[in-house]
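Below is the file final.cif, which contains mmCIF, C-alpha atoms.
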```cif
data_upload
loop_
_atom_site.label_atom_id
_atom_site.label_comp_id
_atom_site.auth_asym_id
_atom_site.auth_seq_id
_atom_site.Cartn_x
_atom_site.Cartn_y
_atom_site.Cartn_z
CA MET A 1 -24.75 13.32 -21.08
CA THR A 2 -24.28 12.28 -24.70
CA PRO A 3 -27.13 10.45 -26.50
CA ASP A 4 -25.00 7.29 -26.66
CA LEU A 5 -24.60 7.18 -22.86
CA ALA A 6 -28.32 7.81 -22.35
CA ALA A 7 -29.29 4.90 -24.61
CA ARG A 8 -27.32 2.15 -22.83
CA PRO A 9 -26.03 1.24 -19.36
CA LEU A 10 -23.08 3.22 -18.13
CA ARG A 11 -20.02 0.96 -18.24
CA VAL A 12 -17.64 1.34 -15.29
CA PHE A 13 -14.53 -0.83 -14.97
CA LEU A 14 -12.91 -0.79 -11.52
CA VAL A 15 -9.63 -2.30 -10.33
CA ALA A 16 -8.88 -2.52 -6.60
CA GLY A 17 -5.80 -4.25 -5.21
CA GLU A 18 -6.48 -4.84 -1.50
CA GLU A 19 -9.14 -4.72 1.21
CA SER A 20 -8.98 -0.97 1.83
CA GLY A 21 -9.48 -0.38 -1.89
CA ASP A 22 -12.38 -2.81 -1.89
CA ALA A 23 -14.11 -0.70 0.79
CA LEU A 24 -13.52 2.51 -1.18
CA GLY A 25 -14.68 0.85 -4.38
CA ALA A 26 -17.90 -0.43 -2.83
CA ASN A 27 -18.78 3.01 -1.46
CA LEU A 28 -18.00 4.58 -4.83
CA MET A 29 -20.21 2.05 -6.65
CA ARG A 30 -23.07 2.77 -4.25
CA ALA A 31 -22.68 6.52 -4.74
CA LEU A 32 -22.54 6.16 -8.52
CA LYS A 33 -25.82 4.24 -8.49
CA GLN A 34 -27.38 6.97 -6.37
CA ARG A 35 -26.18 9.79 -8.63
CA HIS A 36 -26.67 8.22 -12.07
CA ALA A 37 -30.27 8.08 -13.29
CA GLY A 38 -29.85 5.04 -15.53
CA PRO A 39 -28.43 1.53 -15.12
CA ILE A 40 -24.72 0.93 -14.56
CA ALA A 41 -22.78 -2.16 -15.65
CA PHE A 42 -19.82 -2.76 -13.33
CA ALA A 43 -16.85 -4.98 -14.18
CA GLY A 44 -13.30 -5.44 -13.00
CA VAL A 45 -11.43 -6.57 -9.89
CA GLY A 46 -12.57 -6.25 -6.30
CA GLY A 47 -13.37 -8.03 -3.08
CA ASP A 48 -16.47 -9.04 -1.15
CA ARG A 49 -17.73 -5.49 -0.61
CA MET A 50 -17.55 -4.57 -4.29
CA GLU A 51 -19.14 -7.86 -5.26
CA GLY A 52 -21.95 -7.00 -2.86
CA GLU A 53 -22.58 -3.87 -4.93
CA GLY A 54 -22.82 -5.77 -8.21
CA LEU A 55 -19.25 -6.48 -9.36
CA GLN A 56 -18.26 -9.98 -10.48
CA SER A 57 -14.51 -9.92 -9.90
CA LEU A 58 -12.23 -11.36 -12.55
CA PHE A 59 -10.29 -13.23 -9.85
CA PRO A 60 -10.02 -13.32 -6.04
CA LEU A 61 -8.51 -10.21 -4.50
CA SER A 62 -6.22 -12.46 -2.44
CA ASP A 63 -4.28 -13.26 -5.64
CA ILE A 64 -2.78 -9.76 -5.66
CA ALA A 65 -3.30 -8.36 -2.12
CA VAL A 66 0.21 -9.03 -0.84
CA MET A 67 2.51 -6.71 1.13
CA GLY A 68 6.26 -6.65 1.54
CA LEU A 69 9.04 -7.35 -0.93
CA THR A 70 9.43 -11.04 -0.04
CA ALA A 71 5.70 -11.77 -0.39
CA VAL A 72 5.49 -9.91 -3.71
CA LEU A 73 8.47 -11.80 -5.16
CA ALA A 74 6.97 -15.13 -4.14
CA ARG A 75 3.68 -14.26 -5.87
CA LEU A 76 5.17 -12.35 -8.80
CA PRO A 77 4.20 -14.74 -11.66
CA THR A 78 0.57 -14.71 -10.51
CA ILE A 79 0.55 -10.92 -10.10
CA VAL A 80 1.99 -10.35 -13.59
CA ARG A 81 -0.57 -12.73 -15.09
CA ARG A 82 -3.39 -10.90 -13.27
CA VAL A 83 -2.15 -7.53 -14.58
CA TYR A 84 -2.44 -8.70 -18.19
CA GLN A 85 -5.77 -10.42 -17.52
CA SER A 86 -7.13 -7.14 -16.10
CA VAL A 87 -5.84 -5.14 -19.07
CA ASP A 88 -7.37 -7.53 -21.62
CA ALA A 89 -10.72 -7.52 -19.79
CA ALA A 90 -10.79 -3.72 -19.53
CA ILE A 91 -10.12 -3.29 -23.24
CA ALA A 92 -12.71 -5.93 -24.15
CA ALA A 93 -15.31 -4.18 -21.95
CA ASP A 94 -14.56 -0.80 -23.59
CA PRO A 95 -15.87 1.04 -20.51
CA ASP A 96 -16.92 4.66 -20.25
CA VAL A 97 -14.35 4.99 -17.49
CA LEU A 98 -11.62 2.91 -15.83
CA VAL A 99 -11.25 3.58 -12.10
CA ILE A 100 -8.08 2.28 -10.45
CA ILE A 101 -8.18 2.24 -6.64
CA ASP A 102 -5.03 2.55 -4.52
CA SER A 103 -2.43 -0.33 -4.65
CA PRO A 104 -0.34 1.52 -7.26
CA ASP A 105 2.13 -1.33 -7.81
CA PHE A 106 -0.71 -3.31 -9.36
CA THR A 107 -3.34 -0.82 -10.52
CA HIS A 108 -0.94 1.60 -12.23
CA ASN A 109 0.55 -1.25 -14.24
CA VAL A 110 -2.96 -1.94 -15.48
CA ALA A 111 -3.67 1.73 -16.24
CA ARG A 112 -0.44 2.27 -18.20
CA ARG A 113 -1.16 -0.67 -20.47
CA VAL A 114 -4.79 0.27 -21.00
CA ARG A 115 -3.79 3.82 -21.95
CA LYS A 116 -1.27 2.51 -24.47
CA ARG A 117 -3.70 0.06 -26.10
CA ALA A 118 -6.96 2.00 -25.73
CA PRO A 119 -6.16 5.71 -25.28
CA HIS A 120 -9.82 6.74 -25.66
CA ILE A 121 -10.79 5.23 -22.27
CA PRO A 122 -10.79 7.89 -19.51
CA ILE A 123 -8.84 6.79 -16.43
CA VAL A 124 -9.49 7.90 -12.84
CA ASP A 125 -7.05 7.12 -10.04
CA TYR A 126 -8.79 6.94 -6.65
CA VAL A 127 -6.15 7.51 -3.91
CA SER A 128 -2.87 9.23 -4.68
CA PRO A 129 0.44 7.41 -4.28
CA SER A 130 2.69 9.15 -1.74
CA VAL A 131 4.57 11.14 -4.37
CA TRP A 132 4.94 13.98 -1.84
CA ALA A 133 7.05 11.67 0.35
CA TRP A 134 8.56 9.06 -1.92
CA ARG A 135 9.78 9.21 -5.54
CA PRO A 136 8.17 12.54 -6.53
CA GLY A 137 8.98 11.89 -10.19
CA ARG A 138 6.03 9.51 -10.30
CA ALA A 139 3.62 12.46 -10.36
CA ARG A 140 4.67 13.64 -13.81
CA LYS A 141 4.72 10.08 -15.15
CA MET A 142 1.15 9.57 -13.89
CA SER A 143 -0.10 12.54 -15.91
CA VAL A 144 0.45 10.48 -19.08
CA TYR A 145 -2.06 7.77 -18.16
CA VAL A 146 -4.28 9.27 -15.42
CA ASP A 147 -6.89 11.85 -16.47
CA ARG A 148 -8.24 12.66 -13.02
CA LEU A 149 -6.88 11.88 -9.56
CA LEU A 150 -9.13 11.71 -6.48
CA ALA A 151 -7.04 12.49 -3.38
CA LEU A 152 -7.80 11.55 0.22
CA LEU A 153 -5.49 14.13 1.81
CA PRO A 154 -6.08 17.88 1.52
CA PHE A 155 -2.55 18.89 0.51
CA GLU A 156 -2.28 16.41 -2.37
CA PRO A 157 -3.86 18.55 -5.14
CA GLU A 158 -1.23 21.25 -4.59
CA ALA A 159 1.53 18.62 -4.39
CA HIS A 160 0.56 17.20 -7.80
CA ARG A 161 0.23 20.67 -9.30
CA ARG A 162 3.76 21.48 -8.10
CA LEU A 163 5.18 18.16 -9.30
CA GLY A 164 3.47 18.17 -12.70
CA GLY A 165 0.99 15.40 -11.85
CA PRO A 166 -2.51 14.82 -13.24
CA GLU A 167 -5.55 16.99 -12.50
CA THR A 168 -6.20 16.31 -8.80
CA PHE A 169 -9.21 16.90 -6.54
CA TYR A 170 -9.51 16.48 -2.78
CA VAL A 171 -12.53 14.27 -2.09
CA GLY A 172 -11.99 13.82 1.65
CA HIS A 173 -10.81 10.85 3.66
CA PRO A 174 -13.27 7.98 4.37
CA LEU A 175 -12.58 8.60 8.05
CA ILE A 176 -14.48 11.90 7.84
CA GLU A 177 -17.79 10.10 7.49
CA ARG A 178 -17.04 7.89 10.51
CA ALA A 179 -15.52 10.45 12.85
CA ALA A 180 -18.60 10.49 15.09
CA GLN A 181 -18.04 6.80 15.90
CA LEU A 182 -14.60 7.66 17.29
CA ARG A 183 -15.55 10.62 19.47
CA PRO A 184 -16.69 10.00 23.04
CA ALA A 185 -20.20 10.76 24.19
CA ALA A 186 -20.68 12.59 27.47
CA GLY A 187 -19.20 10.53 30.30
CA GLU A 188 -17.69 7.90 27.99
CA ARG A 189 -14.10 9.09 28.55
CA ALA A 190 -13.22 9.55 32.23
CA PRO A 191 -11.53 12.81 33.27
CA LEU A 192 -7.77 12.59 32.95
CA GLY A 193 -6.08 11.72 36.26
CA ALA A 194 -9.25 10.43 37.91
CA GLY A 195 -7.70 7.01 38.44
CA GLN A 196 -9.36 5.54 35.33
CA ASP A 197 -6.75 6.38 32.69
CA VAL A 198 -6.78 4.20 29.56
CA LEU A 199 -3.78 3.53 27.32
CA LEU A 200 -4.11 2.06 23.82
CA LEU A 201 -1.46 -0.17 22.29
CA LEU A 202 -1.75 -0.41 18.50
CA PRO A 203 1.13 -2.48 17.09
CA GLY A 204 -0.30 -2.63 13.55
CA SER A 205 -2.58 -4.69 11.35
CA ARG A 206 0.12 -6.67 9.54
CA ARG A 207 2.02 -9.60 10.97
CA SER A 208 5.38 -8.00 10.12
CA GLU A 209 4.49 -4.82 12.03
CA VAL A 210 3.31 -6.76 15.07
CA ASP A 211 6.43 -8.92 15.07
CA MET A 212 8.67 -5.84 15.05
CA LEU A 213 6.82 -3.68 17.59
CA LEU A 214 4.79 -5.78 20.02
CA ALA A 215 7.60 -6.80 22.38
CA ASP A 216 8.86 -3.23 22.88
CA PHE A 217 5.29 -1.97 23.28
CA GLY A 218 4.86 -4.55 26.05
CA ARG A 219 8.03 -3.42 27.85
CA ALA A 220 6.97 0.21 27.64
CA ALA A 221 3.49 -0.66 28.93
CA ALA A 222 4.97 -2.53 31.89
CA LEU A 223 7.08 0.50 32.82
CA LEU A 224 4.03 2.77 32.60
CA ALA A 225 1.84 0.44 34.67
CA ALA A 226 4.49 0.35 37.40
CA ARG A 227 4.56 4.15 37.51
CA ARG A 228 0.80 4.66 37.21
CA PRO A 229 -1.18 2.16 39.32
CA GLY A 230 -4.66 1.56 37.98
CA LEU A 231 -3.71 2.24 34.36
CA GLU A 232 -5.95 0.21 32.05
CA ILE A 233 -4.28 -1.05 28.88
CA LEU A 234 -6.33 -1.99 25.82
CA LEU A 235 -4.98 -3.55 22.63
CA PRO A 236 -7.34 -3.51 19.61
CA ALA A 237 -6.35 -6.34 17.26
CA VAL A 238 -7.43 -7.30 13.76
CA PRO A 239 -9.20 -10.69 13.75
CA HIS A 240 -6.52 -12.64 11.88
CA LEU A 241 -3.86 -11.64 14.45
CA ALA A 242 -5.95 -11.54 17.63
CA GLY A 243 -5.20 -15.09 18.76
CA ARG A 244 -1.47 -14.70 18.21
CA ILE A 245 -1.43 -11.41 20.12
CA ARG A 246 -3.45 -12.84 23.03
CA ASP A 247 -0.97 -15.69 23.39
CA THR A 248 1.92 -13.22 23.48
CA VAL A 249 0.49 -10.71 25.96
CA ALA A 250 -0.57 -13.52 28.30
CA GLY A 251 3.10 -13.82 29.25
CA TRP A 252 3.61 -10.12 29.95
CA PRO A 253 4.07 -8.85 33.53
CA VAL A 254 1.25 -6.33 32.98
CA ALA A 255 -2.46 -6.95 32.36
CA VAL A 256 -3.57 -6.13 28.81
CA THR A 257 -7.08 -6.55 27.43
CA VAL A 258 -7.11 -7.53 23.76
CA VAL A 259 -10.27 -6.40 21.95
CA GLU A 260 -11.25 -7.66 18.53
CA GLY A 261 -13.32 -6.15 15.74
CA GLU A 262 -14.03 -2.61 14.63
CA THR A 263 -16.90 -1.94 17.04
CA ALA A 264 -14.74 -2.84 20.06
CA LYS A 265 -11.81 -0.89 18.60
CA PHE A 266 -13.84 2.30 18.22
CA ALA A 267 -15.25 1.88 21.73
CA ALA A 268 -11.68 1.64 23.04
CA PHE A 269 -10.75 4.82 21.16
CA ARG A 270 -13.66 6.67 22.78
CA ARG A 271 -12.39 5.73 26.26
CA ALA A 272 -8.66 6.20 25.70
CA HIS A 273 -6.46 9.01 27.06
CA ALA A 274 -3.24 8.22 25.13
CA ALA A 275 -1.88 5.74 22.62
CA LEU A 276 1.31 4.05 21.51
CA ALA A 277 0.82 3.08 17.88
CA ALA A 278 2.42 1.84 14.68
CA SER A 279 2.59 4.30 11.81
CA GLY A 280 -0.36 4.33 9.41
CA THR A 281 -3.95 5.46 8.99
CA VAL A 282 -4.55 4.68 12.67
CA SER A 283 -2.84 8.01 13.46
CA LEU A 284 -5.72 9.81 11.73
CA GLU A 285 -8.25 7.71 13.64
CA LEU A 286 -6.59 8.60 16.93
CA ALA A 287 -6.52 12.27 15.98
CA ALA A 288 -10.21 12.17 15.12
CA ALA A 289 -10.87 10.59 18.52
CA GLY A 290 -8.79 13.29 20.25
CA VAL A 291 -6.28 10.76 21.64
CA PRO A 292 -2.67 12.05 21.98
CA MET A 293 -0.18 9.52 20.66
CA ALA A 294 3.40 8.46 20.07
CA ILE A 295 4.06 6.73 16.73
CA CYS A 296 6.66 4.03 15.99
CA TYR A 297 7.76 2.26 12.85
CA ARG A 298 10.52 -0.14 11.96
CA LEU A 299 11.86 -0.85 8.50
CA ASP A 300 12.50 -4.28 7.02
CA TRP A 301 15.95 -5.11 5.66
CA PHE A 302 15.18 -3.74 2.18
CA TYR A 303 13.90 -0.34 3.31
CA ARG A 304 16.60 -0.11 5.98
CA ARG A 305 19.16 -0.41 3.18
CA LEU A 306 17.23 2.16 1.14
CA LYS A 307 17.31 4.53 4.11
CA GLN A 308 21.11 4.24 4.15
CA ILE A 309 21.22 5.07 0.43
CA HIS A 310 18.87 7.99 1.04
CA ARG A 311 21.44 9.62 3.31
CA VAL A 312 23.67 9.98 0.24
CA PHE A 313 21.00 10.33 -2.48
CA PRO A 314 17.85 11.93 -1.00
CA ILE A 315 14.64 10.48 -2.47
CA ALA A 316 12.04 11.49 0.14
CA SER A 317 10.75 15.02 0.63
CA VAL A 318 8.93 15.12 4.00
CA THR A 319 10.21 15.55 7.54
CA SER A 320 7.67 13.14 9.08
CA MET A 321 5.93 9.90 8.19
CA VAL A 322 2.98 10.58 10.53
CA LEU A 323 -0.11 11.64 8.58
CA PRO A 324 -1.40 14.27 11.04
CA ASN A 325 2.03 15.91 11.04
CA ILE A 326 2.19 15.95 7.24
CA ILE A 327 -1.32 17.35 6.85
CA LEU A 328 -0.79 20.04 9.48
CA GLY A 329 2.69 20.95 8.23
CA ARG A 330 4.14 20.76 11.74
CA ASN A 331 5.45 17.87 13.80
CA VAL A 332 3.23 17.74 16.86
CA VAL A 333 3.04 13.94 17.13
CA PRO A 334 6.36 12.40 18.26
CA GLU A 335 7.64 9.54 16.10
CA PHE A 336 10.31 6.94 16.70
CA LEU A 337 12.06 5.06 13.89
CA ASP A 338 13.93 1.76 14.31
CA GLU A 339 16.34 1.92 17.26
CA GLU A 340 14.70 5.14 18.52
CA ALA A 341 11.68 3.04 19.60
CA GLU A 342 13.34 2.03 22.89
CA PRO A 343 10.88 1.04 25.68
CA GLU A 344 12.15 3.42 28.38
CA ARG A 345 12.05 6.34 25.98
CA LEU A 346 8.56 5.42 24.77
CA ALA A 347 7.31 5.12 28.35
CA GLN A 348 8.64 8.57 29.23
CA VAL A 349 6.96 10.18 26.21
CA VAL A 350 3.62 8.44 26.73
CA GLU A 351 3.63 9.26 30.46
CA ARG A 352 3.70 12.95 29.54
CA LEU A 353 0.69 12.36 27.30
CA LEU A 354 -1.18 10.75 30.21
CA THR A 355 -0.67 13.92 32.27
CA ASP A 356 -1.93 17.46 31.84
CA THR A 357 1.27 18.73 30.17
CA PRO A 358 2.09 21.11 27.28
CA ASP A 359 2.93 18.02 25.18
CA ARG A 360 -0.58 16.69 25.58
CA GLU A 361 -2.25 20.08 25.08
CA ALA A 362 -0.29 20.72 21.88
CA GLN A 363 -1.64 17.53 20.31
CA VAL A 364 -5.23 18.11 21.42
CA THR A 365 -5.15 21.63 19.95
CA ALA A 366 -3.56 20.38 16.72
CA PHE A 367 -6.25 17.72 16.29
CA ALA A 368 -8.94 20.43 16.28
CA ASP A 369 -7.02 22.19 13.49
CA LEU A 370 -6.70 18.90 11.63
CA ASP A 371 -10.45 18.35 11.79
CA GLN A 372 -11.07 21.73 10.14
CA THR A 373 -8.40 21.13 7.49
CA MET A 374 -9.86 17.78 6.40
CA ARG A 375 -13.53 18.76 6.56
CA LEU A 376 -15.58 18.78 3.35
CA PRO A 377 -18.20 21.49 2.69
CA ASP A 378 -21.50 20.92 4.47
CA GLY A 379 -23.67 18.38 2.71
CA HIS A 380 -20.79 16.80 0.79
CA SER A 381 -19.89 13.17 1.47
CA GLN A 382 -16.57 11.55 0.66
CA SER A 383 -17.94 8.85 -1.66
CA GLY A 384 -20.53 11.23 -3.15
CA THR A 385 -17.84 13.74 -4.06
CA ALA A 386 -15.77 10.98 -5.68
CA ALA A 387 -18.78 9.74 -7.67
CA ARG A 388 -19.60 13.25 -8.90
CA LEU A 389 -16.05 13.76 -10.18
CA VAL A 390 -16.08 10.40 -11.97
CA LEU A 391 -19.38 11.18 -13.68
CA GLU A 392 -18.17 14.67 -14.60
CA LEU A 393 -15.13 13.20 -16.33
CA ILE A 394 -17.29 10.77 -18.31
CA GLY A 395 -19.48 13.64 -19.46
CA ARG A 396 -16.46 15.72 -20.44
CA ALA A 397 -14.89 12.77 -22.24
#
```

What would you get if you wrote out this structure as structure tokens?
Amino acid sequence: MTPDLAARPLRVFLVAGEESGDALGANLMRALKQRHAGPIAFAGVGGDRMEGEGLQSLFPLSDIAVMGLTAVLARLPTIVRRVYQSVDAAIAADPDVLVIIDSPDFTHNVARRVRKRAPHIPIVDYVSPSVWAWRPGRARKMSVYVDRLLALLPFEPEAHRRLGGPETFYVGHPLIERAAQLRPAAGERAPLGAGQDVLLLLPGSRRSEVDMLLADFGRAAALLAARRPGLEILLPAVPHLAGRIRDTVAGWPVAVTVVEGETAKFAAFRRAHAALAASGTVSLELAAAGVPMAICYRLDWFYRRLKQIHRVFPIASVTSMVLPNIILGRNVVPEFLDEEAEPERLAQVVERLLTDTPDREAQVTAFADLDQTMRLPDGHSQSGTAARLVLELIGRA
């Protein structure tokens, strides 16, 4: 460490754009405090978790944590104003490092402007955009304003090297440190076919996802329950959608238990034998829990139109949008897009996963491979690895 850094608090400016980034940021802040011998002065943008670790956010995270084209357009003037406010504050703070966390539509706009106005500030990007799947040209553009990229998926360093992106390191996925909470203890998951089979329905954590998938998930569940008497169906719901989902499933012809909160969700995962889920990080959680799954996703009008354009002008470079499939490099988890997510078809696929079939065995075997692929070296934590790489960059800078 240089004499200047030793004589004053380390200055770290962080910018997160949504709740998942807030969780990553808080863990990173905690790990930085554990690894750095002296005081640290934190500033920037974050949510409740980051504020709990000592950050006074420039503005509420809810100002910028919006999803979907329509919601972004409605909030655009506020978002643009918050970008420039973040840039001005970062330059005024003159930090030893700027860490942008996920939410690239917001955080990368901040980073680009900081690099242009204050090129001496090192910039770390925590969570790679999906350049390996969508608009790969972004990787090379990022190398201009990102000095070090911390990736959550093991194939991303090679993807950025191939695409001309910034220096990239795999730090592990946050799920790694919580995998034990997802895996059943002895006797917690009944033997398959013992008359106590459990099916999970996971229609998503966003209102738009639930609106597009819940009805078809219910029809598929009703078909399965008719074919498999005694099937227990659990639906973990995020708190802000739980009431709405309970009202909907109350009118279904099949009994569904809605559970709320992370503790109840993980308990459901530990009991489950198969799942029907929306696309997203939940696929990694199910894989960690050893639960075979079928994945569905539907596109809104904008991305549906983009998909039609893609048929003529290809802009994506993966053959699956399911994270376990992408990480493993083989499509073991079946996925159903738009009109493919038809209830009878979903019921047939999930029924095979609730039976001792080659389909089920292939997923269970693949999940063991996935666990090895994503594992960090013994003694290395996800947030600790990220903190070490941030501090290394500051020392090098």

Please expand the PyMOL selection byres ((chain A and resi 206) around 12) into the concrete residues it hits in this file, giving the result as a list of chain:residue names.
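So the PyMOL selection byres ((chain A and resi 206) around 12), applied here, picks out A:Val66, A:Met67, A:Gly68, A:Leu202, A:Pro203, A:Gly204, A:Ser205, A:Arg207, A:Ser208, A:Glu209, A:Val210, A:Asp211, A:Met212, A:Leu213, A:Leu214, A:Ala237, A:Val238, A:Pro239, A:His240, A:Leu241, A:Ala242, A:Arg244, A:Ile245, A:Ala278, A:Ser279, A:Gly280.
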
Practice task
Taking the point (-5.1, 8.3, 24.8) as given in the file, collect each protein or nucleic acid residue that comes within 10 Å of it, counting all atoms listed in the file, and present the set as a count of residues only.
Solution key: 28

**Q.** Shortest interatomic distance to A:Gly329 - which of A:Gly187, A:Pro236, A:Gly172, A:Pro154, counting only C-alpha atoms
**A.**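 Distance minimum relative to A:Gly329 lands on A:Pro154.
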
>> Just the number, please: distance in Å from atom CA of A:Val114 to atom CA of A:Ala151, one decimal.
In response: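 Straight-line distance from atom CA of A:Val114 to atom CA of A:Ala151 works out to 21.6 Å.
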
Non-local contacts of stretch 364-377 of chain A (12 Å; all atoms listed in the file; under 4 positions in same chain excluded) as an mmCIF file with C-alpha atoms, in the frame of the given file:
```cif
data_model
loop_
_atom_site.group_PDB
_atom_site.id
_atom_site.type_symbol
_atom_site.label_atom_id
_atom_site.label_comp_id
_atom_site.auth_asym_id
_atom_site.auth_seq_id
_atom_site.Cartn_x
_atom_site.Cartn_y
_atom_site.Cartn_z
ATOM 1 C CA ALA A 151 -7.040 12.490 -3.380
ATOM 2 C CA LEU A 152 -7.800 11.550 0.220
ATOM 3 C CA LEU A 153 -5.490 14.130 1.810
ATOM 4 C CA PRO A 154 -6.080 17.880 1.520
ATOM 5 C CA PHE A 155 -2.550 18.890 0.510
ATOM 6 C CA GLU A 156 -2.280 16.410 -2.370
ATOM 7 C CA PHE A 169 -9.210 16.900 -6.540
ATOM 8 C CA TYR A 170 -9.510 16.480 -2.780
ATOM 9 C CA VAL A 171 -12.530 14.270 -2.090
ATOM 10 C CA GLY A 172 -11.990 13.820 1.650
ATOM 11 C CA HIS A 173 -10.810 10.850 3.660
ATOM 12 C CA PRO A 174 -13.270 7.980 4.370
ATOM 13 C CA LEU A 175 -12.580 8.600 8.050
ATOM 14 C CA ILE A 176 -14.480 11.900 7.840
ATOM 15 C CA GLU A 177 -17.790 10.100 7.490
ATOM 16 C CA ALA A 179 -15.520 10.450 12.850
ATOM 17 C CA ALA A 180 -18.600 10.490 15.090
ATOM 18 C CA HIS A 273 -6.460 9.010 27.060
ATOM 19 C CA ALA A 274 -3.240 8.220 25.130
ATOM 20 C CA SER A 283 -2.840 8.010 13.460
ATOM 21 C CA LEU A 284 -5.720 9.810 11.730
ATOM 22 C CA GLU A 285 -8.250 7.710 13.640
ATOM 23 C CA LEU A 286 -6.590 8.600 16.930
ATOM 24 C CA ALA A 287 -6.520 12.270 15.980
ATOM 25 C CA ALA A 288 -10.210 12.170 15.120
ATOM 26 C CA ALA A 289 -10.870 10.590 18.520
ATOM 27 C CA GLY A 290 -8.790 13.290 20.250
ATOM 28 C CA VAL A 291 -6.280 10.760 21.640
ATOM 29 C CA PRO A 292 -2.670 12.050 21.980
ATOM 30 C CA MET A 293 -0.180 9.520 20.660
ATOM 31 C CA LEU A 323 -0.110 11.640 8.580
ATOM 32 C CA PRO A 324 -1.400 14.270 11.040
ATOM 33 C CA ASN A 325 2.030 15.910 11.040
ATOM 34 C CA ILE A 326 2.190 15.950 7.240
ATOM 35 C CA ILE A 327 -1.320 17.350 6.850
ATOM 36 C CA LEU A 328 -0.790 20.040 9.480
ATOM 37 C CA GLY A 329 2.690 20.950 8.230
ATOM 38 C CA ARG A 330 4.140 20.760 11.740
ATOM 39 C CA ASN A 331 5.450 17.870 13.800
ATOM 40 C CA VAL A 332 3.230 17.740 16.860
ATOM 41 C CA VAL A 333 3.040 13.940 17.130
ATOM 42 C CA LEU A 353 0.690 12.360 27.300
ATOM 43 C CA ASP A 356 -1.930 17.460 31.840
ATOM 44 C CA THR A 357 1.270 18.730 30.170
ATOM 45 C CA PRO A 358 2.090 21.110 27.280
ATOM 46 C CA ASP A 359 2.930 18.020 25.180
ATOM 47 C CA ARG A 360 -0.580 16.690 25.580
ATOM 48 C CA SER A 381 -19.890 13.170 1.470
ATOM 49 C CA GLN A 382 -16.570 11.550 0.660
ATOM 50 C CA SER A 383 -17.940 8.850 -1.660
ATOM 51 C CA GLY A 384 -20.530 11.230 -3.150
ATOM 52 C CA THR A 385 -17.840 13.740 -4.060
ATOM 53 C CA ALA A 386 -15.770 10.980 -5.680
#
```

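Between atom CA of A:Ala264 and atom CA of A:Glu232 the interatomic distance comes to 15.2 Å.
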
- Message: Env of stretch 14-27 of chain A: 8 Å cut, atoms = only C-alpha atoms, seq-sep filter 4 positions within chain, self excluded. Answer as a list of chain:residue names.
- Response: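 The neighbour list is A:Ala31, A:Phe42, A:Ala43, A:Gly44, A:Val45, A:Gly46, A:Gly47, A:Asp48, A:Arg49, A:Met50, A:Glu51, A:Gly52, A:Glu53, A:Leu61, A:Ser62, A:Ile64, A:Ala65, A:Val66, A:Ser86, A:Leu98, A:Val99, A:Ile100, A:Ile101, A:Asp102, A:Ser103, A:Phe106, A:Thr107, A:Pro174, A:Ser383.
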
- To one decimal place, how far is atom CA of A:Asp94 from atom CA of A:Phe13 in Å?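 Calculated distance between atom CA of A:Asp94 and atom CA of A:Phe13 is 8.6 Å.
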
Of A:Leu58, A:Ile394, A:Cys296, A:Ala194, the one sitting nearest A:Glu342 when using all atoms listed in the file is A:Cys296

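Between A:Ser57 and the residues A:Ala267, A:Val97, A:Ala89, A:Val110, the shortest atom-to-atom distance, using all atoms listed in the file, involves A:Ala89.
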
One residue among A:Gln34, A:Ser128, A:Gln181, A:Ser320 is nearest to A:Lys265 when using all atoms listed in the file, and that residue is A:Gln181

Give, as JSON, the centre coordinates and the x, y and z edge lengths in Å to one decimal for an axis-aligned box around all listed atoms of stretch 25-43 of chain A, padded by 4 Å on each side.
```
{"center_x": -22.5, "center_y": 2.4, "center_z": -8.6, "size_x": 23.6, "size_y": 22.8, "size_z": 22.2}
```

Starting from the incomplete input, reconstruct N, CA, C and O atoms of stretch 155-160 of chain A and write that as an mmCIF file, keeping the file's coordinate frame.
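Result file is rebuild-v7.cif:
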```cif
data_model
loop_
_atom_site.group_PDB
_atom_site.id
_atom_site.type_symbol
_atom_site.label_atom_id
_atom_site.label_comp_id
_atom_site.auth_asym_id
_atom_site.auth_seq_id
_atom_site.Cartn_x
_atom_site.Cartn_y
_atom_site.Cartn_z
ATOM 1 N N PHE A 155 -3.684 18.215 1.132
ATOM 2 C CA PHE A 155 -2.550 18.890 0.510
ATOM 3 C C PHE A 155 -2.137 18.265 -0.812
ATOM 4 O O PHE A 155 -1.280 18.811 -1.523
ATOM 5 N N GLU A 156 -2.739 17.139 -1.180
ATOM 6 C CA GLU A 156 -2.280 16.410 -2.370
ATOM 7 C C GLU A 156 -2.565 17.129 -3.687
ATOM 8 O O GLU A 156 -1.741 17.045 -4.614
ATOM 9 N N PRO A 157 -3.699 17.829 -3.869
ATOM 10 C CA PRO A 157 -3.860 18.550 -5.140
ATOM 11 C C PRO A 157 -2.737 19.542 -5.413
ATOM 12 O O PRO A 157 -2.209 19.612 -6.533
ATOM 13 N N GLU A 158 -2.320 20.300 -4.404
ATOM 14 C CA GLU A 158 -1.230 21.250 -4.590
ATOM 15 C C GLU A 158 0.094 20.520 -4.845
ATOM 16 O O GLU A 158 0.921 20.972 -5.657
ATOM 17 N N ALA A 159 0.301 19.388 -4.172
ATOM 18 C CA ALA A 159 1.530 18.620 -4.390
ATOM 19 C C ALA A 159 1.628 18.154 -5.840
ATOM 20 O O ALA A 159 2.693 18.255 -6.470
ATOM 21 N N HIS A 160 0.526 17.663 -6.405
ATOM 22 C CA HIS A 160 0.560 17.200 -7.800
ATOM 23 C C HIS A 160 0.688 18.375 -8.765
ATOM 24 O O HIS A 160 1.348 18.251 -9.814
#
```
